[in-house]
Amino acid sequence: MPSLTIGRAEARLPIIQGGMAVRISLGPLAAAVAEAGGIGVIAGSGLTPDEIKEHVAFVRARTSGVVGVNVMVAVTGFKELVHAALEAGADIVIAGAGFSRDVFSWCREAGTAFVPIVGSARAAALSQKFGAAAVIVEGFEAGGHLGTDRSVWDLLPEILETVDVPVIAAGGIADGRGIHRALTAGASGVQMGSCFAATVESSAPDAFKQMYVEAGEDDVVLVKSPVGLPGRALTNPFTEALSRGDVPRIESCIVCLRKCGREYCIMDKLVRAQEGDVVDGLVFAGESAIHVHDIPTAGELVRRLEREWADANEETRS
């Protein structure tokens, strides 16, 4: 597998572990992925600035690999969270669920690579103009909040023609064959979330991970999010109630989002799921969750991905 260079950071493998909030991908997972040769990512949304610094320090103490921090543009305190990542010495800052011009200058001044998540060629071109070190093109197949209704495989060639910076493919990629397909299509790397959510080092509870292991095609659904974007999750009593419009109004609000539709409290539902309540919590997952059949360590998963990529590569040559 080729290496992946973003800004001044070089990873042995072209694999970015997705930043999954709230509190799913934290220091332990990011450290394990970075040590295995990929880019480990801490999900900053839902953390405090001090917690971001603590998790970056946790990774730094355990590996010399590449570490990134992902923060949603839509969250309150976006600036403070990004600056915490920069002060902590993250190699890369990633941001999606919105577009911010300011973050480009913050990262440039800190000498840190900034990588936006985009869903169109226009957004990719604008990102390159403002100084993005790379762009992550995330298709409709992804988990969590979705910024497009188009497949990553449709978007990828358009964006490759539009920008000169490295393009990372994301959404629905679950194995080494998917990595091979993306690299063959011209991507410099891939971002993978769902398969890493169900690893030993993931901070998701056992019940959360088991939902991934047991998920079938009918279990992956789209939900309305108060962020203003659709989201992809695993079906449970909460998503069923949400589809019926049978969700109690918010009684109190912690103002976690800049703009909120107030259909329900997204932070409350994500925190519930991370704490083990997979009945009334929101379990985000991508389409690729149906391909998760076990709970390996992150290192074991990365080695499996390498073998699968090698097999696909050999088949292409023969």
# chains A, B, ... in the order shown; residues from 1 in each chain; ligands from 1

$ closest_atom_pairs --of "segment 203-269 of chain A" --to "segment 93-102 of chain A" --cutoff "10 Å" --atoms "only C-alpha atoms" --output "CSV"
residue,atom,partner,partner_atom,distance
A:Val227,CA,A:Ala97,CA,8.3
A:Gly228,CA,A:Ala97,CA,9.3
A:Leu229,CA,A:Ala97,CA,8.0

$ write_last_selection --atoms "all heavy atoms" --output "PDB file, in the first residue's frame"
ATOM      1  N   VAL A 227     -29.295  19.171  13.310  1.00  0.00           N
ATOM      2  CA  VAL A 227     -28.190  19.922  12.714  1.00  0.00           C
ATOM      3  C   VAL A 227     -28.637  20.559  11.402  1.00  0.00           C
ATOM      4  O   VAL A 227     -28.092  21.573  10.963  1.00  0.00           O
ATOM      5  CB  VAL A 227     -26.980  18.985  12.465  1.00  0.00           C
ATOM      6  CG1 VAL A 227     -25.910  19.670  11.634  1.00  0.00           C
ATOM      7  CG2 VAL A 227     -26.385  18.534  13.799  1.00  0.00           C
ATOM      8  N   GLY A 228     -29.659  19.964  10.771  1.00  0.00           N
ATOM      9  CA  GLY A 228     -30.140  20.470   9.494  1.00  0.00           C
ATOM     10  C   GLY A 228     -29.698  19.612   8.329  1.00  0.00           C
ATOM     11  O   GLY A 228     -29.920  19.967   7.163  1.00  0.00           O
ATOM     12  N   LEU A 229     -29.064  18.489   8.638  1.00  0.00           N
ATOM     13  CA  LEU A 229     -28.626  17.533   7.632  1.00  0.00           C
ATOM     14  C   LEU A 229     -29.232  16.173   7.948  1.00  0.00           C
ATOM     15  O   LEU A 229     -29.494  15.867   9.104  1.00  0.00           O
ATOM     16  CB  LEU A 229     -27.089  17.399   7.643  1.00  0.00           C
ATOM     17  CG  LEU A 229     -26.267  18.644   7.320  1.00  0.00           C
ATOM     18  CD1 LEU A 229     -24.797  18.378   7.639  1.00  0.00           C
ATOM     19  CD2 LEU A 229     -26.426  19.043   5.871  1.00  0.00           C
TER      20      LEU A 229
END

$ select_by_dssp --residues "segment 144-288 of chain A" --states "strand (DSSP E or B)" --output "PyMOL selection string"
chain A and resi 144-145+167-170+189-192+220-224+230-234+257+284

$ residues_around --residues "segment 121-124 of chain A" --least-positions-apart "2" --cutoff "12 Å" --atoms "only C-alpha atoms" --output "MDAnalysis selection string"
chainID A and resid 96 98:101 115:119 126:138 147:148 150 152 154:168

$ closest_residue --among "A:Ile16, A:Ala198, A:Val82, A:Val220" --to "Glu240 of chain A" --atoms "only C-alpha atoms"
A:Val220

$ residues_around --residues "Val66 of chain A" --least-positions-apart "5" --cutoff "9 Å" --atoms "only C-alpha atoms" --output "count of residues only"
16

$ residues_around --residues "Arg23 of chain A" --least-positions-apart "6" --cutoff "8 Å" --atoms "only C-alpha atoms" --output "list of chain:residue names"
A:Ala43, A:Gly46, A:Leu47, A:Ser203, A:Ala204, A:Val271, A:Gln274

$ select_by_dssp --residues "segment 65-280 of chain A" --states "helix (DSSP H, G or I)" --output "PDB file with C-alpha atoms, in the first residue's frame"
ATOM      1  CA  PHE A  78     -15.908  25.437  17.089  1.00  0.00           C
ATOM      2  CA  LYS A  79     -13.133  28.037  17.303  1.00  0.00           C
ATOM      3  CA  GLU A  80     -12.131  27.056  20.832  1.00  0.00           C
ATOM      4  CA  LEU A  81     -12.060  23.351  19.959  1.00  0.00           C
ATOM      5  CA  VAL A  82      -9.941  23.883  16.849  1.00  0.00           C
ATOM      6  CA  HIS A  83      -7.507  26.080  18.732  1.00  0.00           C
ATOM      7  CA  ALA A  84      -7.230  23.425  21.435  1.00  0.00           C
ATOM      8  CA  ALA A  85      -6.259  20.885  18.759  1.00  0.00           C
ATOM      9  CA  LEU A  86      -3.698  23.292  17.330  1.00  0.00           C
ATOM     10  CA  GLU A  87      -2.216  24.103  20.734  1.00  0.00           C
ATOM     11  CA  ALA A  88      -2.004  20.395  21.552  1.00  0.00           C
ATOM     12  CA  ASP A 102     -11.703  31.213   9.396  1.00  0.00           C
ATOM     13  CA  VAL A 103     -10.374  27.723  10.128  1.00  0.00           C
ATOM     14  CA  PHE A 104      -8.098  27.897   7.082  1.00  0.00           C
ATOM     15  CA  SER A 105      -6.263  30.914   8.507  1.00  0.00           C
ATOM     16  CA  TRP A 106      -6.148  29.464  12.039  1.00  0.00           C
ATOM     17  CA  CYS A 107      -4.443  26.328  10.756  1.00  0.00           C
ATOM     18  CA  ARG A 108      -2.160  28.221   8.372  1.00  0.00           C
ATOM     19  CA  GLU A 109      -0.936  30.454  11.203  1.00  0.00           C
ATOM     20  CA  ALA A 110      -0.263  27.376  13.345  1.00  0.00           C
ATOM     21  CA  ALA A 121     -16.569  19.804  -6.648  1.00  0.00           C
ATOM     22  CA  ARG A 122     -17.434  23.441  -5.895  1.00  0.00           C
ATOM     23  CA  ALA A 123     -16.694  23.012  -2.192  1.00  0.00           C
ATOM     24  CA  ALA A 124     -13.469  21.182  -3.037  1.00  0.00           C
ATOM     25  CA  ALA A 125     -12.318  23.980  -5.360  1.00  0.00           C
ATOM     26  CA  LEU A 126     -13.137  26.621  -2.752  1.00  0.00           C
ATOM     27  CA  SER A 127     -11.242  24.637  -0.143  1.00  0.00           C
ATOM     28  CA  GLN A 128      -8.142  24.434  -2.321  1.00  0.00           C
ATOM     29  CA  LYS A 129      -8.353  28.171  -2.990  1.00  0.00           C
ATOM     30  CA  PHE A 130      -8.354  28.892   0.749  1.00  0.00           C
ATOM     31  CA  VAL A 152     -18.566   8.812  -3.343  1.00  0.00           C
ATOM     32  CA  TRP A 153     -17.841   6.893  -6.553  1.00  0.00           C
ATOM     33  CA  ASP A 154     -19.743   9.521  -8.566  1.00  0.00           C
ATOM     34  CA  LEU A 155     -18.159  12.467  -6.759  1.00  0.00           C
ATOM     35  CA  LEU A 156     -14.588  11.199  -6.760  1.00  0.00           C
ATOM     36  CA  PRO A 157     -13.739  11.645 -10.472  1.00  0.00           C
ATOM     37  CA  GLU A 158     -15.305  15.124 -10.542  1.00  0.00           C
ATOM     38  CA  ILE A 159     -13.284  16.297  -7.568  1.00  0.00           C
ATOM     39  CA  LEU A 160     -10.070  14.708  -8.838  1.00  0.00           C
ATOM     40  CA  GLU A 161     -10.482  16.789 -12.009  1.00  0.00           C
ATOM     41  CA  THR A 162     -11.136  19.942  -9.980  1.00  0.00           C
ATOM     42  CA  GLY A 176      -9.086  -3.619   1.557  1.00  0.00           C
ATOM     43  CA  ARG A 177     -10.857  -4.138  -1.738  1.00  0.00           C
ATOM     44  CA  GLY A 178     -12.663  -0.843  -1.235  1.00  0.00           C
ATOM     45  CA  ILE A 179      -9.332   0.819  -0.538  1.00  0.00           C
ATOM     46  CA  HIS A 180      -7.919  -0.687  -3.731  1.00  0.00           C
ATOM     47  CA  ARG A 181     -10.903   0.586  -5.722  1.00  0.00           C
ATOM     48  CA  ALA A 182     -10.496   4.110  -4.349  1.00  0.00           C
ATOM     49  CA  LEU A 183      -6.749   4.269  -4.964  1.00  0.00           C
ATOM     50  CA  THR A 184      -7.147   2.825  -8.450  1.00  0.00           C
ATOM     51  CA  SER A 194     -17.762   2.173  10.723  1.00  0.00           C
ATOM     52  CA  CYS A 195     -15.218  -0.640  10.744  1.00  0.00           C
ATOM     53  CA  PHE A 196     -13.144   1.207  13.356  1.00  0.00           C
ATOM     54  CA  ALA A 197     -16.198   1.967  15.514  1.00  0.00           C
ATOM     55  CA  ASP A 206     -20.173  -3.290  23.917  1.00  0.00           C
ATOM     56  CA  ALA A 207     -23.897  -3.020  23.113  1.00  0.00           C
ATOM     57  CA  PHE A 208     -23.120  -0.349  20.494  1.00  0.00           C
ATOM     58  CA  LYS A 209     -20.435  -2.493  18.851  1.00  0.00           C
ATOM     59  CA  GLN A 210     -22.680  -5.547  18.903  1.00  0.00           C
ATOM     60  CA  MET A 211     -25.329  -3.636  16.956  1.00  0.00           C
ATOM     61  CA  TYR A 212     -22.758  -3.210  14.192  1.00  0.00           C
ATOM     62  CA  VAL A 213     -21.859  -6.897  14.251  1.00  0.00           C
ATOM     63  CA  GLU A 214     -25.508  -7.931  13.965  1.00  0.00           C
ATOM     64  CA  GLU A 217     -29.220  -4.089   5.224  1.00  0.00           C
ATOM     65  CA  ASP A 218     -32.632  -3.284   6.706  1.00  0.00           C
ATOM     66  CA  ASP A 219     -31.034  -2.057   9.925  1.00  0.00           C
ATOM     67  CA  PRO A 237     -36.728   2.145  19.168  1.00  0.00           C
ATOM     68  CA  PHE A 238     -35.547   5.768  19.090  1.00  0.00           C
ATOM     69  CA  THR A 239     -35.187   5.955  15.281  1.00  0.00           C
ATOM     70  CA  GLU A 240     -38.571   4.231  14.922  1.00  0.00           C
ATOM     71  CA  ALA A 241     -40.185   6.801  17.220  1.00  0.00           C
ATOM     72  CA  LEU A 242     -38.429   9.585  15.315  1.00  0.00           C
ATOM     73  CA  SER A 243     -39.820   8.324  12.001  1.00  0.00           C
ATOM     74  CA  ARG A 244     -43.317   8.473  13.508  1.00  0.00           C
ATOM     75  CA  ILE A 266     -28.751  15.370  19.160  1.00  0.00           C
ATOM     76  CA  MET A 267     -26.099  15.620  21.880  1.00  0.00           C
ATOM     77  CA  ASP A 268     -28.293  13.850  24.419  1.00  0.00           C
ATOM     78  CA  LYS A 269     -29.055  11.000  22.013  1.00  0.00           C
ATOM     79  CA  LEU A 270     -25.432  10.514  20.955  1.00  0.00           C
ATOM     80  CA  VAL A 271     -24.213  10.603  24.554  1.00  0.00           C
ATOM     81  CA  ARG A 272     -26.868   8.062  25.562  1.00  0.00           C
ATOM     82  CA  ALA A 273     -25.646   5.682  22.860  1.00  0.00           C
ATOM     83  CA  GLN A 274     -22.018   6.107  23.923  1.00  0.00           C
TER      84      GLN A 274
END

$ atom_distance --atom1 "atom CA of Thr112 of chain A" --atom2 "atom CA of Ala142 of chain A"
25.9 Å

$ atom_distance --atom1 "atom CA of Ala57 of chain A" --atom2 "atom CA of Gly189 of chain A"
25.5 Å

$ residues_around --residues "His145 of chain A" --least-positions-apart "5" --cutoff "10 Å" --atoms "only C-alpha atoms" --output "PyMOL selection string"
chain A and resi 72+96-97+140+222-225+227-233+284-286

$ residues_around --residues "Ile42 of chain A" --least-positions-apart "4" --cutoff "7 Å" --atoms "only C-alpha atoms" --output "list in words"
Gly19, Ser25, Leu26, Gly27, Ala30, Gly68, Val69 and Asn70 of chain A

$ write_last_selection --atoms "N, CA and C atoms" --output "PDB file, in the first residue's frame"
ATOM      1  N   GLY A  19     -13.341  10.363  12.359  1.00  0.00           N
ATOM      2  CA  GLY A  19     -13.560  10.982  13.660  1.00  0.00           C
ATOM      3  C   GLY A  19     -15.021  10.863  14.042  1.00  0.00           C
ATOM      4  N   SER A  25     -14.525   7.869  18.883  1.00  0.00           N
ATOM      5  CA  SER A  25     -13.100   7.799  18.534  1.00  0.00           C
ATOM      6  C   SER A  25     -12.331   8.824  19.361  1.00  0.00           C
ATOM      7  N   LEU A  26     -11.689   8.308  20.391  1.00  0.00           N
ATOM      8  CA  LEU A  26     -10.906   9.133  21.316  1.00  0.00           C
ATOM      9  C   LEU A  26      -9.434   8.706  21.272  1.00  0.00           C
ATOM     10  N   GLY A  27      -8.676   9.104  22.270  1.00  0.00           N
ATOM     11  CA  GLY A  27      -7.252   8.822  22.292  1.00  0.00           C
ATOM     12  C   GLY A  27      -6.868   7.360  22.097  1.00  0.00           C
ATOM     13  N   ALA A  30      -7.395   6.397  18.353  1.00  0.00           N
ATOM     14  CA  ALA A  30      -6.489   7.160  17.494  1.00  0.00           C
ATOM     15  C   ALA A  30      -5.052   6.694  17.661  1.00  0.00           C
ATOM     16  N   GLY A  68      -4.857  13.242  14.104  1.00  0.00           N
ATOM     17  CA  GLY A  68      -5.690  14.356  13.693  1.00  0.00           C
ATOM     18  C   GLY A  68      -6.826  14.573  14.674  1.00  0.00           C
ATOM     19  N   VAL A  69      -7.471  15.727  14.565  1.00  0.00           N
ATOM     20  CA  VAL A  69      -8.659  16.034  15.369  1.00  0.00           C
ATOM     21  C   VAL A  69      -9.754  16.499  14.422  1.00  0.00           C
ATOM     22  N   ASN A  70     -10.928  15.909  14.557  1.00  0.00           N
ATOM     23  CA  ASN A  70     -12.083  16.262  13.730  1.00  0.00           C
ATOM     24  C   ASN A  70     -13.075  17.054  14.579  1.00  0.00           C
TER      25      ASN A  70
END

$ closest_residue --among "A:Thr235, A:Ser45, A:Ser252, A:Thr199" --to "Ile295 of chain A" --atoms "only C-alpha atoms"
A:Thr199
